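Here's input-v1.cif, which has mmCIF, C-alpha atoms:
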data_start
loop_
_atom_site.label_atom_id
_atom_site.label_comp_id
_atom_site.auth_asym_id
_atom_site.auth_seq_id
_atom_site.Cartn_x
_atom_site.Cartn_y
_atom_site.Cartn_z
CA MET A 233 -3.90 -14.71 -33.83
CA ALA A 234 -0.42 -14.18 -32.34
CA GLN A 235 -0.13 -14.66 -28.60
CA MET A 236 0.61 -11.47 -26.62
CA THR A 237 4.02 -11.04 -25.06
CA GLY A 238 4.44 -10.51 -21.32
CA ASN A 239 4.96 -6.78 -21.83
CA GLU A 240 1.83 -6.52 -24.02
CA GLN A 241 -0.22 -8.29 -21.35
CA PHE A 242 1.18 -5.93 -18.72
CA GLN A 243 0.35 -2.83 -20.78
CA GLN A 244 -3.16 -4.10 -21.53
CA TRP A 245 -3.77 -4.77 -17.84
CA LEU A 246 -2.52 -1.30 -16.87
CA ALA A 247 -4.75 0.30 -19.51
CA GLN A 248 -7.76 -1.51 -18.03
CA ILE A 249 -6.78 -0.34 -14.54
CA ASN A 250 -6.59 3.27 -15.75
CA GLN A 251 -9.96 3.00 -17.47
CA GLU A 252 -11.84 1.42 -14.59
CA CYS A 253 -10.04 2.42 -11.38
CA GLY A 254 -8.49 5.83 -12.06
CA ASN A 255 -5.06 6.94 -13.20
CA PHE A 256 -2.19 4.73 -12.02
CA ALA A 257 1.37 3.96 -13.04
CA ALA A 258 2.91 0.51 -12.62
CA ARG A 259 6.15 -1.41 -12.81
CA PRO A 260 6.63 -5.17 -13.05
CA LEU A 261 8.65 -6.85 -10.29
CA GLU A 262 10.91 -9.86 -10.48
CA GLY A 263 9.06 -13.04 -11.43
CA GLU A 264 6.33 -13.71 -13.95
CA PHE A 265 3.65 -11.03 -14.15
CA SER A 266 -0.02 -11.97 -14.19
CA GLY A 267 -2.99 -9.63 -14.12
CA HIS A 268 -6.75 -9.78 -14.52
CA LEU A 269 -9.44 -7.18 -13.83
CA GLU A 270 -13.13 -7.92 -13.18
CA THR A 271 -15.78 -5.19 -13.46
CA GLY A 272 -19.48 -4.90 -14.22
CA TYR A 273 -21.21 -5.35 -10.89
CA ALA A 274 -24.48 -3.97 -9.52
CA GLN A 275 -25.71 -0.55 -10.63
CA GLY A 276 -24.32 2.30 -8.57
CA LEU A 277 -21.42 0.36 -7.05
CA LYS A 278 -18.10 1.59 -8.40
CA LEU A 279 -15.82 -1.33 -7.72
CA SER A 280 -13.42 -3.69 -9.40
CA THR A 281 -11.63 -6.92 -8.50
CA VAL A 282 -7.95 -7.27 -9.32
CA THR A 283 -6.16 -10.62 -9.50
CA THR A 284 -2.44 -10.16 -10.06
CA ALA A 285 1.12 -11.07 -9.08
CA ASN A 286 4.65 -9.55 -9.24
CA VAL A 287 3.72 -5.93 -9.90
CA ASN A 288 3.83 -2.55 -8.16
CA LEU A 289 0.83 -0.29 -8.87
CA TYR A 290 1.20 3.30 -7.69
CA ARG A 291 -0.11 6.86 -7.93
CA THR A 292 2.09 9.96 -7.85
CA LYS A 293 1.02 13.59 -7.89
CA ASN A 294 1.20 13.36 -11.67
CA GLU A 295 -1.50 10.67 -11.88
CA ILE A 296 -3.63 12.34 -9.20
CA SER A 297 -3.62 15.69 -11.08
CA LYS A 298 -5.24 14.11 -14.14
CA GLN A 299 -8.61 13.29 -12.57
CA ASN A 300 -11.16 13.88 -9.83
CA ASP A 301 -9.81 12.57 -6.53
CA SER A 302 -12.90 13.02 -4.36
CA TRP A 303 -13.13 9.45 -3.10
CA PHE A 304 -11.42 6.76 -1.07
CA TYR A 305 -10.47 3.28 -2.21
CA THR A 306 -11.84 0.79 0.30
CA VAL A 307 -9.68 -2.31 -0.28
CA PHE A 308 -11.13 -5.71 0.61
CA GLN A 309 -8.43 -8.40 0.50
CA LEU A 310 -9.79 -11.73 -0.79
CA GLU A 311 -6.72 -13.92 -1.45
CA GLY A 312 -2.96 -13.65 -0.94
CA GLN A 313 -1.48 -10.48 0.51
CA ALA A 314 -0.77 -6.90 -0.55
CA ILE A 315 1.72 -4.33 0.75
CA ILE A 316 0.10 -0.89 0.73
CA GLU A 317 1.88 2.40 1.44
CA GLN A 318 0.60 5.94 1.92
CA ASN A 319 1.58 8.94 4.06
CA GLU A 320 4.91 7.24 4.90
CA ARG A 321 2.91 4.41 6.47
CA GLN A 322 3.05 0.80 5.31
CA THR A 323 0.68 -2.07 6.05
CA VAL A 324 0.32 -5.64 4.87
CA ILE A 325 -3.22 -6.93 4.42
CA GLN A 326 -4.20 -10.59 4.37
CA PRO A 327 -7.42 -12.35 3.27
CA GLY A 328 -10.38 -10.92 5.17
CA ASP A 329 -8.66 -7.61 6.02
CA ILE A 330 -9.78 -4.17 4.87
CA THR A 331 -7.90 -0.91 4.51
CA LEU A 332 -8.68 2.62 3.34
CA VAL A 333 -6.61 4.51 0.72
CA ASP A 334 -7.05 8.23 0.02
CA ALA A 335 -7.29 8.88 -3.74
CA SER A 336 -6.05 12.45 -3.24
CA ARG A 337 -2.62 11.34 -1.95
CA PRO A 338 0.21 9.33 -3.52
CA CYS A 339 0.06 5.63 -2.74
CA SER A 340 1.70 2.34 -3.67
CA ILE A 341 0.43 -1.26 -3.79
CA ILE A 342 2.90 -4.11 -4.10
CA TRP A 343 1.89 -7.67 -5.00
CA GLN A 344 4.84 -10.06 -4.70
CA GLN A 345 2.68 -13.16 -4.97
CA ARG A 346 -0.72 -14.05 -6.38
CA SER A 347 -3.26 -11.74 -4.80
CA ARG A 348 -6.95 -10.98 -5.27
CA GLN A 349 -8.69 -7.92 -3.88
CA THR A 350 -11.77 -5.82 -4.47
CA SER A 351 -11.58 -2.02 -4.38
CA LEU A 352 -14.80 -0.15 -3.67
CA LEU A 353 -14.93 3.59 -4.33
CA LEU A 354 -16.44 5.50 -1.41
CA PRO A 355 -17.28 9.14 -2.15
CA ARG A 356 -15.34 11.45 0.14
CA SER A 357 -18.51 13.37 1.00
CA LEU A 358 -20.27 10.18 2.14
CA LEU A 359 -17.40 9.11 4.38
CA GLU A 360 -16.92 12.57 5.86
CA GLN A 361 -20.59 12.72 6.83
CA GLN A 362 -19.90 9.85 9.23
CA LEU A 363 -16.29 10.52 10.20
CA ARG A 364 -13.74 13.31 10.16
CA VAL A 365 -11.27 11.49 7.95
CA GLY A 366 -7.58 12.23 8.38
CA GLU A 367 -4.21 10.70 7.57
CA SER A 368 -4.44 8.44 10.61
CA HIS A 369 -7.38 6.56 9.08
CA CYS A 370 -5.62 5.65 5.83
CA VAL A 371 -3.61 2.47 5.27
CA GLN A 372 -4.64 1.14 8.66
CA ARG A 373 -5.13 -2.63 8.67
CA LEU A 374 -8.69 -3.42 9.74
CA GLY A 375 -8.25 -7.06 10.77
CA LYS A 376 -10.41 -9.94 9.60
CA ASN A 377 -11.22 -10.95 13.20
CA LEU A 378 -13.19 -7.76 13.87
CA PRO A 379 -16.98 -8.39 13.64
CA MET A 380 -17.64 -5.14 11.75
CA VAL A 381 -14.99 -6.04 9.19
CA GLN A 382 -16.52 -9.49 8.69
CA MET A 383 -19.98 -7.96 8.22
CA SER A 384 -18.58 -5.47 5.70
CA HIS A 385 -17.06 -8.31 3.67
CA ARG A 386 -20.37 -10.19 3.64
CA LEU A 387 -22.32 -7.11 2.64
CA LEU A 388 -19.89 -6.41 -0.19
CA GLN A 389 -20.09 -9.99 -1.50
CA GLU A 390 -23.90 -9.99 -1.40
CA SER A 391 -24.02 -6.65 -3.22
CA MET A 392 -21.55 -7.85 -5.86
CA ASN A 393 -23.52 -11.04 -6.47
CA ASN A 394 -26.85 -9.23 -6.84
CA ARG A 395 -26.75 -7.53 -10.22
CA GLU A 396 -30.39 -6.45 -9.90
CA LEU A 397 -29.74 -3.92 -7.15
CA SER A 398 -31.26 -0.54 -7.99
CA GLY A 399 -29.32 2.70 -7.76
CA LYS A 400 -30.96 3.53 -4.41
CA GLU A 401 -30.25 0.06 -3.05
CA SER A 402 -26.59 0.36 -4.05
CA GLU A 403 -26.40 3.75 -2.36
CA ALA A 404 -27.89 2.23 0.78
CA ALA A 405 -25.25 -0.56 0.64
CA LEU A 406 -22.47 2.06 0.47
CA GLU A 407 -23.89 3.91 3.47
CA ALA A 408 -24.17 0.64 5.39
CA ILE A 409 -20.51 -0.22 4.76
CA VAL A 410 -19.46 3.24 5.97
CA CYS A 411 -21.58 2.80 9.12
CA LEU A 412 -19.99 -0.60 9.77
CA LEU A 413 -16.43 0.67 9.36
CA ARG A 414 -16.90 3.93 11.27
CA PRO A 415 -16.59 2.52 14.82
CA VAL A 416 -13.54 0.48 13.83
CA LEU A 417 -11.80 3.53 12.40
CA GLN A 418 -12.81 5.68 15.38
CA GLN A 419 -11.51 3.12 17.85
CA GLN A 420 -8.14 2.96 16.12
CA GLU A 421 -7.92 6.74 16.18
CA VAL A 422 -8.97 7.29 19.79
CA THR A 423 -7.59 4.30 21.69
CA PRO A 424 -4.27 3.07 20.28
CA SER A 425 -3.07 0.04 22.21
CA ARG A 426 0.11 -0.04 24.27
CA ARG A 427 1.58 -2.37 21.64
CA ASP A 428 0.76 0.09 18.83
CA LYS A 429 2.35 2.93 20.79
CA GLN A 430 5.46 0.83 21.27
CA PHE A 431 5.54 -0.02 17.56
CA ASP A 432 5.23 3.68 16.65
CA LYS A 433 8.11 4.45 19.01
CA VAL A 434 10.30 1.84 17.27
CA VAL A 435 9.36 3.15 13.81
CA GLN A 436 10.24 6.71 14.87
CA LEU A 437 13.58 5.47 16.20
CA ILE A 438 14.26 3.75 12.87
CA ASP A 439 13.45 6.90 10.90
CA SER A 440 15.73 9.03 13.05
CA HIS A 441 18.69 6.66 12.58
CA LEU A 442 18.34 5.55 8.97
CA GLN A 443 21.74 7.00 8.08
CA SER A 444 23.48 5.22 10.92
CA GLU A 445 25.50 2.05 10.36
CA MET A 446 24.51 0.78 13.81
CA LEU A 447 20.83 0.57 12.85
CA ARG A 448 20.23 -3.16 13.16
CA PRO A 449 17.58 -5.28 14.94
CA GLU A 450 19.95 -5.96 17.84
CA TRP A 451 20.61 -2.25 18.38
CA LEU A 452 16.88 -1.44 18.13
CA ALA A 453 16.01 -4.08 20.69
CA ASN A 454 18.63 -2.75 23.10
CA GLU A 455 17.53 0.88 22.67
CA THR A 456 13.85 0.05 23.27
CA GLY A 457 14.40 -2.35 26.15
CA MET A 458 13.04 -5.48 24.52
CA SER A 459 14.48 -8.77 23.35
CA VAL A 460 15.34 -9.32 19.70
CA ARG A 461 12.70 -12.05 19.61
CA SER A 462 10.04 -9.64 20.89
CA LEU A 463 11.09 -7.08 18.29
CA TYR A 464 10.72 -9.63 15.49
CA ARG A 465 7.34 -10.70 16.86
CA MET A 466 6.12 -7.10 17.03
CA PHE A 467 6.89 -6.55 13.34
CA ALA A 468 5.54 -9.99 12.38
CA ASN A 469 2.19 -9.05 13.96
CA LYS A 470 2.07 -6.18 11.46
CA GLY A 471 2.98 -8.52 8.60
CA LEU A 472 6.48 -7.04 8.41
CA VAL A 473 10.10 -8.15 8.80
CA VAL A 474 12.16 -5.61 10.74
CA ALA A 475 15.32 -5.80 8.59
CA GLN A 476 13.25 -5.62 5.39
CA TYR A 477 11.33 -2.64 6.76
CA ILE A 478 14.59 -0.79 7.50
CA LYS A 479 15.94 -1.56 4.03
CA ASN A 480 12.72 -0.44 2.33
CA ARG A 481 12.64 2.84 4.26
CA ARG A 482 16.23 3.52 3.20
CA LEU A 483 15.42 2.65 -0.43
CA ASP A 484 12.36 4.92 -0.39
CA LEU A 485 14.51 7.83 0.78
CA CYS A 486 17.15 6.95 -1.85
CA ALA A 487 14.44 7.11 -4.51
CA LYS A 488 13.28 10.48 -3.17
CA ALA A 489 16.86 11.79 -3.26
CA ILE A 490 17.40 10.48 -6.81
CA ARG A 491 14.29 12.30 -8.05
CA SER A 492 15.73 15.63 -6.89
CA ALA A 493 19.43 14.95 -7.51
CA ALA A 494 21.53 16.81 -10.06
CA ASP A 495 22.48 14.94 -13.25
CA ASP A 496 26.12 14.74 -12.22
CA GLU A 497 25.46 13.51 -8.67
CA LYS A 498 26.82 10.00 -8.10
CA LEU A 499 24.13 7.39 -7.48
CA ALA A 500 26.55 5.36 -5.38
CA GLY A 501 26.97 8.41 -3.14
CA ILE A 502 23.22 8.65 -2.59
CA GLY A 503 23.09 4.99 -1.64
CA PHE A 504 26.05 5.44 0.72
CA ILE A 505 24.36 8.34 2.53
CA TRP A 506 21.39 6.10 3.34
CA GLY A 507 23.38 3.13 4.57
CA PHE A 508 24.24 1.18 1.40
CA THR A 509 28.03 0.94 1.54
CA ASP A 510 28.21 -1.54 -1.34
CA HIS A 511 27.00 -0.14 -4.68
CA SER A 512 26.28 -3.57 -6.15
CA HIS A 513 24.07 -4.46 -3.19
CA PHE A 514 22.37 -1.07 -3.45
CA SER A 515 21.58 -1.58 -7.16
CA THR A 516 20.22 -5.09 -6.57
CA ALA A 517 18.05 -4.00 -3.64
CA PHE A 518 16.79 -0.96 -5.55
CA ARG A 519 15.79 -3.10 -8.54
CA GLN A 520 13.95 -5.53 -6.28
CA ARG A 521 12.04 -2.66 -4.68
CA PHE A 522 11.25 -0.53 -7.74
CA GLY A 523 11.63 -2.90 -10.68
CA MET A 524 14.50 -0.95 -12.25
CA SER A 525 18.07 0.14 -11.52
CA PRO A 526 18.82 3.49 -9.82
CA GLY A 527 20.08 4.84 -13.16
CA GLU A 528 16.90 3.82 -14.98
CA TYR A 529 14.84 5.30 -12.17
CA ARG A 530 16.62 8.65 -12.54
CA LYS A 531 16.03 8.69 -16.30
CA ARG A 532 12.35 7.84 -15.91
CA ASN A 533 11.78 10.56 -13.31
CA ARG A 534 13.53 13.33 -15.19
#
How does this structure look as structure tokens?
Amino acid sequence: MAQMTGNEQFQQWLAQINQECGNFAARPLEGEFSGHLETGYAQGLKLSTVTTANVNLYRTKNEISKQNDSWFYTVFQLEGQAIIEQNERQTVIQPGDITLVDASRPCSIIWQQRSRQTSLLLPRSLLEQQLRVGESHCVQRLGKNLPMVQMSHRLLQESMNNRELSGKESEAALEAIVCLLRPVLQQQEVTPSRRDKQFDKVVQLIDSHLQSEMLRPEWLANETGMSVRSLYRMFANKGLVVAQYIKNRRLDLCAKAIRSAADDEKLAGIGFIWGFTDHSHFSTAFRQRFGMSPGEYRKRNR
């Protein structure tokens, strides 16, 4: 039997994702792709474990429209890290962390290194019985040091390892996980820390000056009254690098502009508007972010 090519392995992995996890699109990133999907756990638990590297898995309105979206993905990070984006919010989760992703909204998951995570489907109705779920609850990093997060991880692992759980027992496990996560989500909603408020202020300042050439870490630090070192530390605590965050926000807006641009609109001009004065640098950065050149991206999204 002939060995599958890298592209064939990628397509097979994506087909398995679509069959088991819902409709997604994907693009390989730079580096060697690897992907494996584990399913077949206890009765009544809709979950899967993904082990992968160098790929961007995402859902647009197109994928969402093809299926029922009445659930949330509860993502339990097991190994490595994942960059998850939704509602113009980005978070980086590490082993032991949990985050919530709304299946009814576009999202993106980026794995730039080997990563392993389990996604548990929580019915929207079950979650909303316990909590009035809004945008603020999604793609929030629930840290591994929180006791309720640790208990949720243990409960998930015990449920996954017990294949003899009945349907009612699995349902009870789902309800228990929701009850464990509810106070954590409520606390994040009601009592944001002074540090989180400061971070939000910096992010808003970045978004309002993305087209400005002066938008650099030094300028940000000066405008917000903190040292450059403190600024870097603030972003590092979120698993982010400030310069990379700025570049990614600009690239995301470039991609949005390309999707709606006329056929004769210059791609270099779009990059220039959002702070990329060198077209070669813009093309390289765009490919690193989206796995294809700006021109290829425009063709694919026509």
Could I get the residues of segment 278-353 of chain A with an atom no further than 12 Å from an atom of segment 456-472 of chain A, each paired with its nearest atom pair and that distance in Å to one decimal, using all atoms listed in the file, sorted by chain and residue number, as JSON lines?
{"residue": "A:Gln313", "atom": "CA", "partner": "A:Gly471", "partner_atom": "CA", "distance": 9.4}
{"residue": "A:Ala314", "atom": "CA", "partner": "A:Gly471", "partner_atom": "CA", "distance": 10.0}
{"residue": "A:Ile315", "atom": "CA", "partner": "A:Gly471", "partner_atom": "CA", "distance": 9.0}
{"residue": "A:Ile316", "atom": "CA", "partner": "A:Gly471", "partner_atom": "CA", "distance": 11.3}
{"residue": "A:Arg321", "atom": "CA", "partner": "A:Lys470", "partner_atom": "CA", "distance": 11.7}
{"residue": "A:Gln322", "atom": "CA", "partner": "A:Leu472", "partner_atom": "CA", "distance": 9.1}
{"residue": "A:Thr323", "atom": "CA", "partner": "A:Lys470", "partner_atom": "CA", "distance": 6.9}
{"residue": "A:Val324", "atom": "CA", "partner": "A:Gly471", "partner_atom": "CA", "distance": 5.4}
{"residue": "A:Ile325", "atom": "CA", "partner": "A:Gly471", "partner_atom": "CA", "distance": 7.6}
{"residue": "A:Gln326", "atom": "CA", "partner": "A:Gly471", "partner_atom": "CA", "distance": 8.6}
{"residue": "A:Asp329", "atom": "CA", "partner": "A:Gly471", "partner_atom": "CA", "distance": 12.0}
The distance between atom CA of Ala517 of chain A and atom CA of Lys488 of chain A is 15.3 Å
Starting from the point (-19.3, -2.6, 4.4), work out which residues of protein, DNA or RNA have an atom no more than 7 Å away when counting all atoms listed in the file; state them as a PyMOL selection string.
chain A and resi 383-385+387-388+406+408-410+412-413
| message | Counting only C-alpha atoms, which residue out of A:Gln418, A:Ala489, A:Trp506, A:Ser515 sits closest to Ser440 of chain A? | response |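 Answer, going by the shortest atom-to-atom distance: A:Trp506.
Within the file as shown, the PyMOL selection byres ((chain A and resi 238) around 12) identifies Gln235, Met236, Thr237, Asn239, Glu240, Gln241, Phe242, Gln243, Gln244, Trp245, Pro260, Gly263, Glu264, Phe265, Ser266 and Gly267 of chain A.
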Using all atoms listed in the file, the best pick from A:Arg259, A:Lys429, A:His513, A:Arg414 as closest to His369 of chain A would be A:Arg414
Atom pair atom CA of Met380 of chain A + atom CA of Gly328 of chain A, distance 11.4 Å
Quiz item: Hey, which of A:Leu485, A:Val287, A:Ala247, A:Ile342 ends up closest to Phe504 of chain A? Count only C-alpha atoms.
Solution: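 Residue with the minimum atom-to-atom distance to Phe504 of chain A: A:Leu485.
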What does the structure give for the distance between atom CA of Phe508 of chain A and atom CA of Lys531 of chain A, in Å to one decimal?
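Computed distance, atom CA of Phe508 of chain A to atom CA of Lys531 of chain A, equals 20.9 Å.
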_Report as a PyMOL selection string all protein, DNA and RNA residues lying within 10 Å of Val416 of chain A, evaluated on only C-alpha atoms, omitting residues in the same chain fewer than 5 positions from it._
chain A and resi 369+374-375+378-381+411+421
My list of candidates is A:Glu320, A:Glu445, A:Glu455, A:Glu262. Which is closest to Gln345 of chain A when distances are computed with all atoms listed in the file?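 Of A:Glu320, A:Glu445, A:Glu455, A:Glu262, the one nearest Gln345 of chain A is A:Glu262, counting all atoms listed in the file.
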Between A:Phe514, A:Tyr529, A:Phe522, A:Tyr477, smallest distance to Gln344 of chain A by only C-alpha atoms belongs to A:Phe522
I need every residue sitting at most 6 Å from the point (-16.2, 2.8, -1.3) (coordinates as in the file, only C-alpha atoms considered), written as number ranges by chain.
A: 305-306, 352-354
Q. With distances taken over all atoms listed in the file, which of A:Ala335, A:Ile478, A:Cys370, A:Ile296 is nearest to Arg356 of chain A?
A.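 Selected residue with least distance to Arg356 of chain A: A:Ala335.
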Taking all atoms of segment 460-477 of chain A that the file lists and extending 8 Å past them on each side, where is the centre of the axis-aligned box and how long are its edges? Answer in Å to one decimal, as lines of an AutoDock Vina configuration file.
center_x = 8.7
center_y = -7.3
center_z = 13.1
size_x = 29.3
size_y = 25.4
size_z = 31.5
Within 12 Å of Trp303 of chain A using all atoms listed in the file, minus same-chain residues under 5 positions, as a VMD selection string = chain A and resid 253 to 254 278 296 332 to 337 351 to 360 365
Review point. For the file shown, what are the residues hit by the PyMOL selection byres ((chain A and resi 500-502) around 12), laid out as a PyMOL selection string?
Key: chain A and resi 443+482-494+496-499+503-515+518+525-527+530
Identify all residues satisfying the PyMOL selection byres ((chain A and resi 258) around 7) in the given file; provide them as a compact mmCIF listing (two decimals) with C-alpha atoms, in the frame of the given file.
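Result file follows (part.txt):
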# COMPACT_ATOMS: atom_id res chain seq x y z
CA PHE A 256 -2.19 4.73 -12.02
CA ALA A 257 1.37 3.96 -13.04
CA ARG A 259 6.15 -1.41 -12.81
CA PRO A 260 6.63 -5.17 -13.05
CA ASN A 288 3.83 -2.55 -8.16
CA LEU A 289 0.83 -0.29 -8.87
CA TYR A 290 1.20 3.30 -7.69
